[in-house]
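To start, the structure itself, in structure tokens.
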Amino acid sequence: MKVSLKDLTKKFPNRNKKIHSDVVAVDKFNIEIPSGKLVGLLGPSGCGKSTALNLICGLEKPTEGKIFFDEDDVTDLPPEKRGVGMVFQNYALYPHLTVKQNITFPLENRKGKDKLTKEEMDKMALEAAKLVQIEELMDRKPSEMSGGQQQRVAIARALVKTPRVLLLDEPLSNLDARLRLQTREEIRRIQRETGITTIFVTHDQEEAMSISDEIIVMKSGVINQVGRPQDVYDHPVNLFVAKFLGTPPINVFDGYVRNENIYIGSSGDGTDVEPIGQAKNVPDQKVHVGIRPEGFILDEKGPFKSMLQGVEIMGRDTSVVSTHHASQNPTIRAIISAENKVDTSSATVRFRIKPDKLFIFNKETEEVINLNK
């Protein structure tokens, strides 16, 4: 089931009576979500991603724009007629019902030719429970289950209706780190087995990148970038996307371009430091310089020098923590192989920079400047 959003906009009245303009939660969304794909809707808290999900499922009515499932205009349809399955952050299970009763609850409201017998509902509930691997828990109440098990019940309840579209609103945020990892793998497996078009809302970029076919990165109600997770990570369109994706985050510096060379610092005359990279056909200007943590190569003769603060051994990798006067981050983190030995007695550390992990952004617009012209 393809989902198309055309100029989708949602405005709310501003609670601040001194400000007369509306709050724009979703601003002219134009996106096509391919059939059978798992798409991550990603952005910081308050960016409008949950509002967008509520518009798709019908819990909110758009101020402007249209919503299509394939060629069907569902903009004005009530939620129960859209054929969507919704999984909420807080699970929203009925505490007095068993697992089986929670799963079959959506089926009990069917009427007329769609009405099901108890045997049919029990069979469908068991199939959904097997899909999320909780079939042995059918007689338990939610209070007798772990958070991960409750989340599986919520997913089974959404799937039992055989929805056209599955919507997940931050479904893993209440789980601990290990259980989050396990459950997100399960969501990916279930989505592949069912082939249901799935939209997954999260503020956790690692979560979205690990299981999504595509990600949609939002900021202040606006889509900033859409693409395959690795493509968006490798080719951010602006500084916001570059900073939002990546753990540890990208290192950002004040810098400048002079004579098609990239420098970190503020003098602008190209005489005080060595260039850390090239910017062919880019005019001289001040820029934001971004370097991914994995973009540093330890080299005692490298052009980038910073003040060493410490070294953290993380098994196969080493995190070199340092500072630089031009850094916009409090500290710089360079992730290098643990095979490299850092001289911790030295006050400074030097690196070469991998060209494909180096980015520059316009100082005013913060849009990326292409280094491969």
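Labels for the structure tokens follow display order: chains A, B, ..., residues from 1 in each chain, ligands from 1.
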
Using only C-alpha atoms, determine which residues lie at most 8 Å from Lys280 of chain A, disregarding the query and same-chain residues fewer than 4 positions distant; provide the list as an MDAnalysis selection string. chainID A and resid 260:261 371:373

Export, as an mmCIF file, in the first residue's frame, the selected residues with C-alpha atoms.
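File out23.cif, as written:
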```
data_model
loop_
_atom_site.group_PDB
_atom_site.id
_atom_site.type_symbol
_atom_site.label_atom_id
_atom_site.label_comp_id
_atom_site.auth_asym_id
_atom_site.auth_seq_id
_atom_site.Cartn_x
_atom_site.Cartn_y
_atom_site.Cartn_z
ATOM 1 C CA GLU A 260 40.263 25.963 -2.930
ATOM 2 C CA ASN A 261 41.715 24.650 0.329
ATOM 3 C CA LEU A 371 33.172 19.225 -2.602
ATOM 4 C CA ASN A 372 32.970 16.947 -5.651
ATOM 5 C CA LYS A 373 32.186 19.421 -8.429
#
```

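With only C-alpha atoms as the atoms that count, the residue of A:Leu97, A:Ala158, A:Val273, A:Ile250 with the shortest distance to Glu144 of chain A is A:Leu97.
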
Within 12 Å of Thr183 of chain A, counting only C-alpha atoms, which residues qualify if same-chain residues fewer than 4 places away don't, as a PDB file with N, CA and C atoms, in the first residue's frame?
```pdb
ATOM      1  N   VAL A 132       4.583 -12.512  16.566  1.00  0.00           N
ATOM      2  CA  VAL A 132       5.418 -11.726  17.491  1.00  0.00           C
ATOM      3  C   VAL A 132       5.973 -12.590  18.630  1.00  0.00           C
ATOM      4  N   GLN A 133       5.764 -13.908  18.519  1.00  0.00           N
ATOM      5  CA  GLN A 133       6.360 -14.897  19.422  1.00  0.00           C
ATOM      6  C   GLN A 133       5.928 -14.725  20.888  1.00  0.00           C
ATOM      7  N   GLY A 147       7.887  -5.156  29.863  1.00  0.00           N
ATOM      8  CA  GLY A 147       7.602  -4.102  28.897  1.00  0.00           C
ATOM      9  C   GLY A 147       7.738  -4.574  27.463  1.00  0.00           C
ATOM     10  N   GLY A 148       8.749  -5.393  27.192  1.00  0.00           N
ATOM     11  CA  GLY A 148       8.936  -5.910  25.837  1.00  0.00           C
ATOM     12  C   GLY A 148       7.797  -6.818  25.410  1.00  0.00           C
ATOM     13  N   GLN A 149       7.307  -7.643  26.355  1.00  0.00           N
ATOM     14  CA  GLN A 149       6.180  -8.523  26.032  1.00  0.00           C
ATOM     15  C   GLN A 149       4.908  -7.711  25.789  1.00  0.00           C
ATOM     16  N   GLN A 150       4.694  -6.679  26.590  1.00  0.00           N
ATOM     17  CA  GLN A 150       3.526  -5.823  26.378  1.00  0.00           C
ATOM     18  C   GLN A 150       3.587  -5.141  25.012  1.00  0.00           C
ATOM     19  N   GLN A 151       4.789  -4.738  24.618  1.00  0.00           N
ATOM     20  CA  GLN A 151       4.928  -4.105  23.311  1.00  0.00           C
ATOM     21  C   GLN A 151       4.578  -5.080  22.186  1.00  0.00           C
ATOM     22  N   ARG A 152       4.930  -6.344  22.354  1.00  0.00           N
ATOM     23  CA  ARG A 152       4.601  -7.349  21.344  1.00  0.00           C
ATOM     24  C   ARG A 152       3.093  -7.567  21.267  1.00  0.00           C
ATOM     25  N   ILE A 155       1.706  -4.768  19.220  1.00  0.00           N
ATOM     26  CA  ILE A 155       1.970  -4.975  17.792  1.00  0.00           C
ATOM     27  C   ILE A 155       1.035  -6.044  17.229  1.00  0.00           C
ATOM     28  N   PRO A 171       7.643   3.283  19.555  1.00  0.00           N
ATOM     29  CA  PRO A 171       7.223   2.075  20.284  1.00  0.00           C
ATOM     30  C   PRO A 171       8.273   1.496  21.216  1.00  0.00           C
ATOM     31  N   LEU A 172       9.520   1.955  21.121  1.00  0.00           N
ATOM     32  CA  LEU A 172      10.582   1.329  21.911  1.00  0.00           C
ATOM     33  C   LEU A 172      11.118   2.223  23.024  1.00  0.00           C
ATOM     34  N   SER A 173      10.587   3.427  23.151  1.00  0.00           N
ATOM     35  CA  SER A 173      11.185   4.406  24.069  1.00  0.00           C
ATOM     36  C   SER A 173      11.042   4.016  25.539  1.00  0.00           C
ATOM     37  N   ASN A 174      10.095   3.141  25.878  1.00  0.00           N
ATOM     38  CA  ASN A 174       9.910   2.729  27.272  1.00  0.00           C
ATOM     39  C   ASN A 174      10.702   1.483  27.652  1.00  0.00           C
ATOM     40  N   LEU A 175      11.504   0.976  26.715  1.00  0.00           N
ATOM     41  CA  LEU A 175      12.258  -0.249  26.961  1.00  0.00           C
ATOM     42  C   LEU A 175      13.707   0.066  27.302  1.00  0.00           C
ATOM     43  N   ASP A 176      14.369  -0.859  28.026  1.00  0.00           N
ATOM     44  CA  ASP A 176      15.788  -0.650  28.315  1.00  0.00           C
ATOM     45  C   ASP A 176      16.609  -0.916  27.054  1.00  0.00           C
ATOM     46  N   ALA A 177      17.891  -0.564  27.101  1.00  0.00           N
ATOM     47  CA  ALA A 177      18.727  -0.559  25.898  1.00  0.00           C
ATOM     48  C   ALA A 177      18.795  -1.927  25.226  1.00  0.00           C
ATOM     49  N   ARG A 178      19.016  -2.996  26.013  1.00  0.00           N
ATOM     50  CA  ARG A 178      19.149  -4.330  25.420  1.00  0.00           C
ATOM     51  C   ARG A 178      17.825  -4.790  24.804  1.00  0.00           C
ATOM     52  N   LEU A 179      16.731  -4.523  25.507  1.00  0.00           N
ATOM     53  CA  LEU A 179      15.422  -4.928  25.007  1.00  0.00           C
ATOM     54  C   LEU A 179      15.019  -4.110  23.781  1.00  0.00           C
ATOM     55  N   ILE A 187      10.733  -6.038  15.053  1.00  0.00           N
ATOM     56  CA  ILE A 187       9.872  -5.204  14.208  1.00  0.00           C
ATOM     57  C   ILE A 187      10.304  -5.314  12.752  1.00  0.00           C
ATOM     58  N   ARG A 188      11.600  -5.307  12.515  1.00  0.00           N
ATOM     59  CA  ARG A 188      12.119  -5.451  11.151  1.00  0.00           C
ATOM     60  C   ARG A 188      11.725  -6.806  10.566  1.00  0.00           C
ATOM     61  N   ARG A 189      11.857  -7.875  11.381  1.00  0.00           N
ATOM     62  CA  ARG A 189      11.498  -9.219  10.913  1.00  0.00           C
ATOM     63  C   ARG A 189      10.011  -9.308  10.595  1.00  0.00           C
ATOM     64  N   ILE A 190       9.171  -8.800  11.498  1.00  0.00           N
ATOM     65  CA  ILE A 190       7.719  -8.860  11.300  1.00  0.00           C
ATOM     66  C   ILE A 190       7.317  -8.089  10.052  1.00  0.00           C
ATOM     67  N   GLU A 207      18.242   4.004  16.053  1.00  0.00           N
ATOM     68  CA  GLU A 207      17.102   3.107  15.900  1.00  0.00           C
ATOM     69  C   GLU A 207      16.545   3.176  14.484  1.00  0.00           C
ATOM     70  N   SER A 210      18.937   1.767  11.730  1.00  0.00           N
ATOM     71  CA  SER A 210      19.230   0.337  11.775  1.00  0.00           C
ATOM     72  C   SER A 210      18.153  -0.518  11.109  1.00  0.00           C
ATOM     73  N   ILE A 211      16.892  -0.070  11.089  1.00  0.00           N
ATOM     74  CA  ILE A 211      15.835  -0.939  10.579  1.00  0.00           C
ATOM     75  C   ILE A 211      15.065  -0.364   9.392  1.00  0.00           C
TER      76      ILE A 211
END
```

Residues flagged strand (DSSP E or B) by DSSP in segment 246-342 of chain A, as an MDAnalysis selection string: chainID A and resid 251:258 261:264 277:278 285:291 296:298 304:314 317:323 327 332:337

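Compared by their closest atoms to Ile31 of chain A, and using only C-alpha atoms, the residues A:Ser220, A:Gln225, A:Asn109, A:Asn102 rank with A:Gln225 nearest.
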
Using backbone DSSP assignments, extract all helix (DSSP H, G or I) residues from segment 69-295 of chain A; output them as JSON, numbers by chain. {"A": [79, 80, 81, 99, 100, 101, 102, 103, 104, 105, 106, 107, 108, 109, 112, 113, 114, 118, 119, 120, 121, 122, 123, 124, 125, 126, 127, 128, 129, 130, 131, 135, 136, 137, 142, 143, 144, 147, 148, 149, 150, 151, 152, 153, 154, 155, 156, 157, 158, 159, 177, 178, 179, 180, 181, 182, 183, 184, 185, 186, 187, 188, 189, 190, 191, 192, 193, 194, 205, 206, 207, 208, 209, 210, 211, 229, 230, 231, 232, 233, 234, 239, 240, 241, 242, 243, 244, 293, 294, 295]}

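Atom pair atom CA of Thr63 of chain A / atom CA of Asp22 of chain A: separated by 11.1 Å.
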
What's around Gln101 of chain A at 10 Å? Count only C-alpha atoms, leave out sequence neighbours fewer than 4 positions away in its own chain, and write the answer as a compact mmCIF listing (two decimals) with N, CA and C atoms, in the first residue's frame.
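Final file, out.txt:
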```
# COMPACT_ATOMS: atom_id res chain seq x y z
N TYR A 94 -5.49 -2.95 27.49
CA TYR A 94 -6.55 -2.98 28.50
C TYR A 94 -6.08 -3.85 29.67
N HIS A 96 -7.43 -5.09 32.32
CA HIS A 96 -8.31 -6.13 32.87
C HIS A 96 -8.52 -7.28 31.89
N LEU A 97 -7.96 -7.16 30.66
CA LEU A 97 -8.13 -8.21 29.65
C LEU A 97 -6.85 -9.04 29.52
N PHE A 105 -9.70 -7.81 20.56
CA PHE A 105 -10.61 -6.68 20.77
C PHE A 105 -10.98 -5.94 19.48
N PRO A 106 -10.01 -5.62 18.60
CA PRO A 106 -10.38 -4.90 17.36
C PRO A 106 -11.30 -5.71 16.45
N LEU A 107 -11.25 -7.06 16.57
CA LEU A 107 -12.06 -7.92 15.70
C LEU A 107 -13.51 -7.99 16.17
N GLU A 108 -13.74 -7.70 17.44
CA GLU A 108 -15.09 -7.83 17.99
C GLU A 108 -16.04 -6.75 17.50
N MET A 121 -11.95 -15.54 15.39
CA MET A 121 -11.17 -14.53 16.10
C MET A 121 -10.02 -15.16 16.88
N ASP A 122 -10.30 -16.30 17.53
CA ASP A 122 -9.24 -16.98 18.29
C ASP A 122 -8.12 -17.45 17.37
N ALA A 125 -6.11 -14.39 16.31
CA ALA A 125 -5.31 -13.90 17.43
C ALA A 125 -4.08 -14.77 17.64
N MET A 138 -0.86 -16.17 26.11
CA MET A 138 -2.21 -15.73 25.74
C MET A 138 -3.15 -15.54 26.93
N ASP A 139 -2.90 -16.22 28.04
CA ASP A 139 -3.81 -16.13 29.19
C ASP A 139 -3.34 -15.15 30.26
N ARG A 140 -2.23 -14.47 30.01
CA ARG A 140 -1.71 -13.53 31.01
C ARG A 140 -2.37 -12.15 30.87
N LYS A 141 -2.32 -11.40 31.97
CA LYS A 141 -2.76 -10.01 31.97
C LYS A 141 -1.52 -9.12 31.74
N ARG A 157 -1.92 -6.83 18.30
CA ARG A 157 -3.26 -6.26 18.22
C ARG A 157 -3.41 -5.39 16.97
```

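Of the listed residues (A:Phe240, A:Phe351, A:Tyr263, A:Tyr256), A:Phe351 comes nearest to Glu300 of chain A; the distances count only C-alpha atoms.
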
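Those residues that approach Gly255 of chain A to within 9 Å, counting only C-alpha atoms, are Phe253, Val257, Ile262, Tyr263, Ile264, Gly265, Ser266, Ser267, Gly268, Gln285, Lys286, Val287, His288, Val289, Ala326 and Ile360 of chain A; same-chain residues fewer than 2 positions away are not listed.
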
Would you mind exporting the chosen residues as a PDB file, in the first residue's frame, restricted to C-alpha atoms?
```
ATOM      1  CA  PHE A 253      34.394  23.730  13.495  1.00  0.00           C
ATOM      2  CA  VAL A 257      37.971  28.150   2.240  1.00  0.00           C
ATOM      3  CA  ILE A 262      39.798  24.020   3.574  1.00  0.00           C
ATOM      4  CA  TYR A 263      41.210  25.412   6.798  1.00  0.00           C
ATOM      5  CA  ILE A 264      40.053  25.154  10.389  1.00  0.00           C
ATOM      6  CA  GLY A 265      40.427  28.382  12.345  1.00  0.00           C
ATOM      7  CA  SER A 266      39.412  31.995  11.927  1.00  0.00           C
ATOM      8  CA  SER A 267      42.317  34.019  10.500  1.00  0.00           C
ATOM      9  CA  GLY A 268      41.306  33.505   6.882  1.00  0.00           C
ATOM     10  CA  GLN A 285      34.510  32.185   2.210  1.00  0.00           C
ATOM     11  CA  LYS A 286      33.947  31.390   5.877  1.00  0.00           C
ATOM     12  CA  VAL A 287      32.245  28.009   6.436  1.00  0.00           C
ATOM     13  CA  HIS A 288      31.189  25.465   9.020  1.00  0.00           C
ATOM     14  CA  VAL A 289      33.522  22.463   8.751  1.00  0.00           C
ATOM     15  CA  ALA A 326      37.775  26.538  16.535  1.00  0.00           C
ATOM     16  CA  ILE A 360      31.645  22.126   4.596  1.00  0.00           C
TER      17      ILE A 360
END
```
